[in-house]
Amino acid sequence: MPETEPLLSAAGLSRTFGAVKAVDDVSFTLPEGGSLGIVGGSGSGKTTTARIVVGLERADTGEVRVRGRARPARAGGRAQRLARAREVQMVFQDPYLSLDPRTSVERVLRETLRLHFPDRDPEPRIRELLDQVGLGTRAADALPRQLSGGQRQRVAIARALAVEPAVLVLDEAVAALDVSVQAQILNLLAEIRERTPIGYLFITHDLGVVRCVTDEVLVMHRGRVVEAGATSEVLAAPHHPYTRLLLDSVPRPGWNPDGIAAARLELSSPQAHPHTGG
């Protein structure tokens, strides 16, 4: 039998800003219904990689494909732009900034549905989406300022799901939330994944999130993938010093912040990474 094309694939992605190679030959695949984490500290290149996948940044070299079809760097007409948006959607860290403060939850979803599916009655889908993200119709008339951070993030997720994307990219999507609310959102995402074929690309610095919600993980450092594999295996027996440093940086009994700071300084020195600039 022929091999099934991955839901999402990236091959040889590179992006340079001035003298800094923000993304350096990054490749990965995400299967249908899969969940892939890209983890690394600030400046590792993980968010730039995500923005290339979504189309908010252009790669200098490399290619992104969805179900085997290349995603063009620029979509042409309106129909192409909408079709491209339906392939990959992104949920950002701060939902308040991504929602219009003057627009109610119901109107946010209605406008999204009318834009992408103008021939459909939006009402049943609005109710379905609100129920799917655990808000219910009681939140339909609320403005963003009347919602908690967790509720706003649920609205952002509902808006992304409204276009029925193949891939949902979550860029530090629970980082700004309290731990208990983080757990609620992660449980919500797990439930959605069980009911739909959607694939998740999690961009995060939080190894706890990676451990909970991903099947595979890439570890990025200074623009490059330094380790990749099944999440359970990478976190249980990391091979690269930077992956070990990330794990050692999680506070626990016997934690040595001074030793971690020294190891981080050593890893960030140009001598340790002569192939990158800046």
# chains A, B, ... in the order shown; residues from 1 in each chain; ligands from 1
>>> select_by_dssp(residues="region 163-219 of chain A", states="strand (DSSP E or B)", output="PyMOL selection string")
chain A and resi 167-171+199-204+216-219
>>> write_last_selection(atoms="C-alpha atoms", output="PDB file, in the first residue's frame")
ATOM      1  CA  VAL A 167      -3.984  22.035  11.603  1.00  0.00           C
ATOM      2  CA  LEU A 168      -4.254  24.178  14.729  1.00  0.00           C
ATOM      3  CA  VAL A 169      -1.039  25.955  15.747  1.00  0.00           C
ATOM      4  CA  LEU A 170      -0.986  26.948  19.419  1.00  0.00           C
ATOM      5  CA  ASP A 171       1.748  29.469  20.199  1.00  0.00           C
ATOM      6  CA  GLY A 199      -3.618  17.999  14.074  1.00  0.00           C
ATOM      7  CA  TYR A 200      -1.985  20.168  16.747  1.00  0.00           C
ATOM      8  CA  LEU A 201       1.327  22.003  16.589  1.00  0.00           C
ATOM      9  CA  PHE A 202       2.202  23.219  20.094  1.00  0.00           C
ATOM     10  CA  ILE A 203       4.816  25.963  20.415  1.00  0.00           C
ATOM     11  CA  THR A 204       5.905  26.216  24.032  1.00  0.00           C
ATOM     12  CA  GLU A 216       6.234  13.824  19.352  1.00  0.00           C
ATOM     13  CA  VAL A 217       8.532  16.699  20.224  1.00  0.00           C
ATOM     14  CA  LEU A 218      11.218  18.794  18.547  1.00  0.00           C
ATOM     15  CA  VAL A 219      13.726  20.621  20.727  1.00  0.00           C
TER      16      VAL A 219
END
>>> residues_around(residues="region 55-64 of chain A", least_positions_apart="4", cutoff="9 Å", atoms="only C-alpha atoms", output="NGL selection string")
:A and (8-16 or 23 or 25-27 or 48-51 or 69-74 or 84-85 or 88)
>>> write_last_selection(atoms="N, CA, C and O atoms", output="CSV table (one decimal), in the first residue's frame")
chain,number,residue,atom,x,y,z
A,8,LEU,N,0.7,17.5,7.8
A,8,LEU,CA,1.5,18.7,7.7
A,8,LEU,C,3.0,18.2,7.6
A,8,LEU,O,3.4,17.4,8.4
A,9,SER,N,3.7,18.9,6.7
A,9,SER,CA,5.2,18.6,6.6
A,9,SER,C,5.9,19.9,6.4
A,9,SER,O,5.4,20.8,5.7
A,10,ALA,N,7.1,20.0,7.0
A,10,ALA,CA,8.0,21.1,6.7
A,10,ALA,C,9.3,20.5,6.4
A,10,ALA,O,9.8,19.6,7.0
A,11,ALA,N,9.9,21.1,5.3
A,11,ALA,CA,11.2,20.5,4.8
A,11,ALA,C,12.2,21.6,4.6
A,11,ALA,O,11.9,22.6,3.8
A,12,GLY,N,13.3,21.6,5.4
A,12,GLY,CA,14.4,22.5,5.1
A,12,GLY,C,14.1,24.0,5.3
A,12,GLY,O,14.6,24.8,4.6
A,13,LEU,N,13.2,24.3,6.3
A,13,LEU,CA,12.9,25.7,6.6
A,13,LEU,C,14.0,26.5,7.1
A,13,LEU,O,14.7,26.1,8.1
A,14,SER,N,14.3,27.6,6.5
A,14,SER,CA,15.3,28.5,7.0
A,14,SER,C,14.8,30.0,6.9
A,14,SER,O,14.1,30.3,6.0
A,15,ARG,N,15.2,30.8,7.9
A,15,ARG,CA,14.8,32.2,7.9
A,15,ARG,C,15.9,33.0,8.6
A,15,ARG,O,16.3,32.7,9.8
A,16,THR,N,16.4,34.0,7.9
A,16,THR,CA,17.5,34.8,8.5
A,16,THR,C,17.0,36.3,8.7
A,16,THR,O,16.3,36.8,7.8
A,23,VAL,N,15.8,30.5,12.0
A,23,VAL,CA,15.4,29.1,11.7
A,23,VAL,C,16.4,28.6,10.7
A,23,VAL,O,16.7,29.2,9.7
A,25,ASP,N,17.3,25.2,8.7
A,25,ASP,CA,17.1,23.9,8.2
A,25,ASP,C,16.2,23.0,9.1
A,25,ASP,O,16.6,21.9,9.5
A,26,VAL,N,15.0,23.5,9.3
A,26,VAL,CA,14.1,22.8,10.2
A,26,VAL,C,13.1,21.9,9.4
A,26,VAL,O,12.5,22.5,8.4
A,27,SER,N,13.0,20.7,9.7
A,27,SER,CA,12.1,19.8,9.0
A,27,SER,C,11.3,18.9,10.1
A,27,SER,O,11.9,18.6,11.1
A,48,THR,N,9.1,31.6,15.2
A,48,THR,CA,9.4,32.0,13.8
A,48,THR,C,9.0,30.8,12.9
A,48,THR,O,8.4,30.9,11.9
A,49,THR,N,9.3,29.6,13.4
A,49,THR,CA,8.9,28.4,12.7
A,49,THR,C,7.4,28.3,12.5
A,49,THR,O,6.9,28.0,11.5
A,50,ALA,N,6.7,28.5,13.6
A,50,ALA,CA,5.2,28.5,13.6
A,50,ALA,C,4.7,29.5,12.7
A,50,ALA,O,3.7,29.3,11.9
A,51,ARG,N,5.3,30.7,12.7
A,51,ARG,CA,4.7,31.8,11.8
A,51,ARG,C,5.0,31.5,10.4
A,51,ARG,O,4.2,31.9,9.5
A,69,ARG,N,0.1,19.0,-0.4
A,69,ARG,CA,0.0,20.1,-1.3
A,69,ARG,C,0.9,21.3,-0.7
A,69,ARG,O,0.7,21.6,0.5
A,70,ALA,N,1.7,21.8,-1.5
A,70,ALA,CA,2.6,22.9,-1.1
A,70,ALA,C,1.8,24.2,-0.7
A,70,ALA,O,0.8,24.5,-1.5
A,71,ARG,N,2.1,24.8,0.4
A,71,ARG,CA,1.4,26.1,0.7
A,71,ARG,C,2.3,27.2,0.1
A,71,ARG,O,3.4,27.4,0.5
A,72,PRO,N,1.7,28.0,-0.8
A,72,PRO,CA,2.4,29.0,-1.4
A,72,PRO,C,2.8,30.1,-0.4
A,72,PRO,O,2.1,30.3,0.6
A,73,ALA,N,3.9,30.8,-0.7
A,73,ALA,CA,4.3,31.9,0.2
A,73,ALA,C,3.3,33.0,0.2
A,73,ALA,O,3.0,33.7,1.3
A,74,ARG,N,2.6,33.2,-0.9
A,74,ARG,CA,1.6,34.2,-1.0
A,74,ARG,C,0.4,33.7,-1.7
A,74,ARG,O,0.5,33.1,-2.8
A,84,ARG,N,-6.6,28.9,2.0
A,84,ARG,CA,-5.3,28.8,2.7
A,84,ARG,C,-5.5,28.9,4.2
A,84,ARG,O,-4.9,28.2,5.0
A,85,ALA,N,-6.4,29.9,4.6
A,85,ALA,CA,-6.6,30.0,6.1
A,85,ALA,C,-7.3,28.8,6.7
A,85,ALA,O,-7.1,28.5,7.8
A,88,VAL,N,-4.7,26.0,7.9
A,88,VAL,CA,-3.9,26.2,9.2
A,88,VAL,C,-4.5,27.4,9.9
A,88,VAL,O,-4.5,28.5,9.3
>>> closest_atom_pairs(of="region 174-224 of chain A", to="region 131-148 of chain A", cutoff="10 Å", atoms="only C-alpha atoms", output="tab-separated table")
residue	atom	partner	partner_atom	distance
A:Leu177	CA	A:Ser148	CA	9.6
A:Val181	CA	A:Ser148	CA	9.8
A:Gln184	CA	A:Gly134	CA	9.7
A:Ile185	CA	A:Val133	CA	8.7
A:Leu188	CA	A:Val133	CA	6.6
A:Leu189	CA	A:Val133	CA	8.6
A:Glu191	CA	A:Gln132	CA	9.0
A:Ile192	CA	A:Gln132	CA	7.6
>>> closest_residue(among="A:Gly43, A:Gly68, A:Pro197, A:Gly150", to="Tyr96 (chain A)", atoms="only C-alpha atoms")
A:Gly150
>>> atom_distance(atom1="CA of Gly149 (chain A)", atom2="CA of Thr47 (chain A)")
21.5 Å
>>> atom_distance(atom1="CA of Phe17 (chain A)", atom2="CA of Tyr242 (chain A)")
23.1 Å
>>> closest_atom_pairs(of="region 68-144 of chain A", to="region 151-160 of chain A", cutoff="6 Å", atoms="only C-alpha atoms", output="CSV")
residue,atom,partner,partner_atom,distance
A:Gln89,CA,A:Ala160,CA,5.7
A:Pro95,CA,A:Gln153,CA,5.3
A:Leu109,CA,A:Arg159,CA,5.8
A:Leu129,CA,A:Ala158,CA,5.7
A:Val133,CA,A:Arg154,CA,5.8
>>> write_last_selection(atoms="N, CA and C atoms", output="mmCIF file, in the first residue's frame")
data_model
loop_
_atom_site.group_PDB
_atom_site.id
_atom_site.type_symbol
_atom_site.label_atom_id
_atom_site.label_comp_id
_atom_site.auth_asym_id
_atom_site.auth_seq_id
_atom_site.Cartn_x
_atom_site.Cartn_y
_atom_site.Cartn_z
ATOM 1 N N GLN A 89 -4.824 27.216 11.160
ATOM 2 C CA GLN A 89 -5.231 28.331 12.016
ATOM 3 C C GLN A 89 -4.292 28.417 13.216
ATOM 4 N N PRO A 95 -5.207 36.016 24.286
ATOM 5 C CA PRO A 95 -6.457 36.055 23.527
ATOM 6 C C PRO A 95 -7.082 37.447 23.515
ATOM 7 N N LEU A 109 -17.997 34.711 16.060
ATOM 8 C CA LEU A 109 -18.187 33.430 15.380
ATOM 9 C C LEU A 109 -19.040 33.593 14.125
ATOM 10 N N LEU A 129 -20.177 25.220 18.285
ATOM 11 C CA LEU A 129 -18.839 25.674 18.670
ATOM 12 C C LEU A 129 -18.795 26.105 20.130
ATOM 13 N N VAL A 133 -16.412 24.155 23.018
ATOM 14 C CA VAL A 133 -15.337 24.730 23.838
ATOM 15 C C VAL A 133 -15.789 24.994 25.269
#
>>> closest_residue(among="A:Gly34, A:Pro241, A:Pro165, A:Gly208", to="Leu186 (chain A)", atoms="only C-alpha atoms")
A:Gly208
>>> atom_distance(atom1="CA of Arg102 (chain A)", atom2="CA of Ala162 (chain A)")
19.8 Å
>>> closest_residue(among="A:Ile126, A:Cys212, A:Leu235, A:Ala166", to="Ala183 (chain A)", atoms="only C-alpha atoms")
A:Cys212
>>> select_by_dssp(residues="region 24-169 of chain A", states="alpha helix (DSSP H)", output="ChimeraX atom specification")
/A:46-54,78-87,95-98,105-116,122-132,149-162
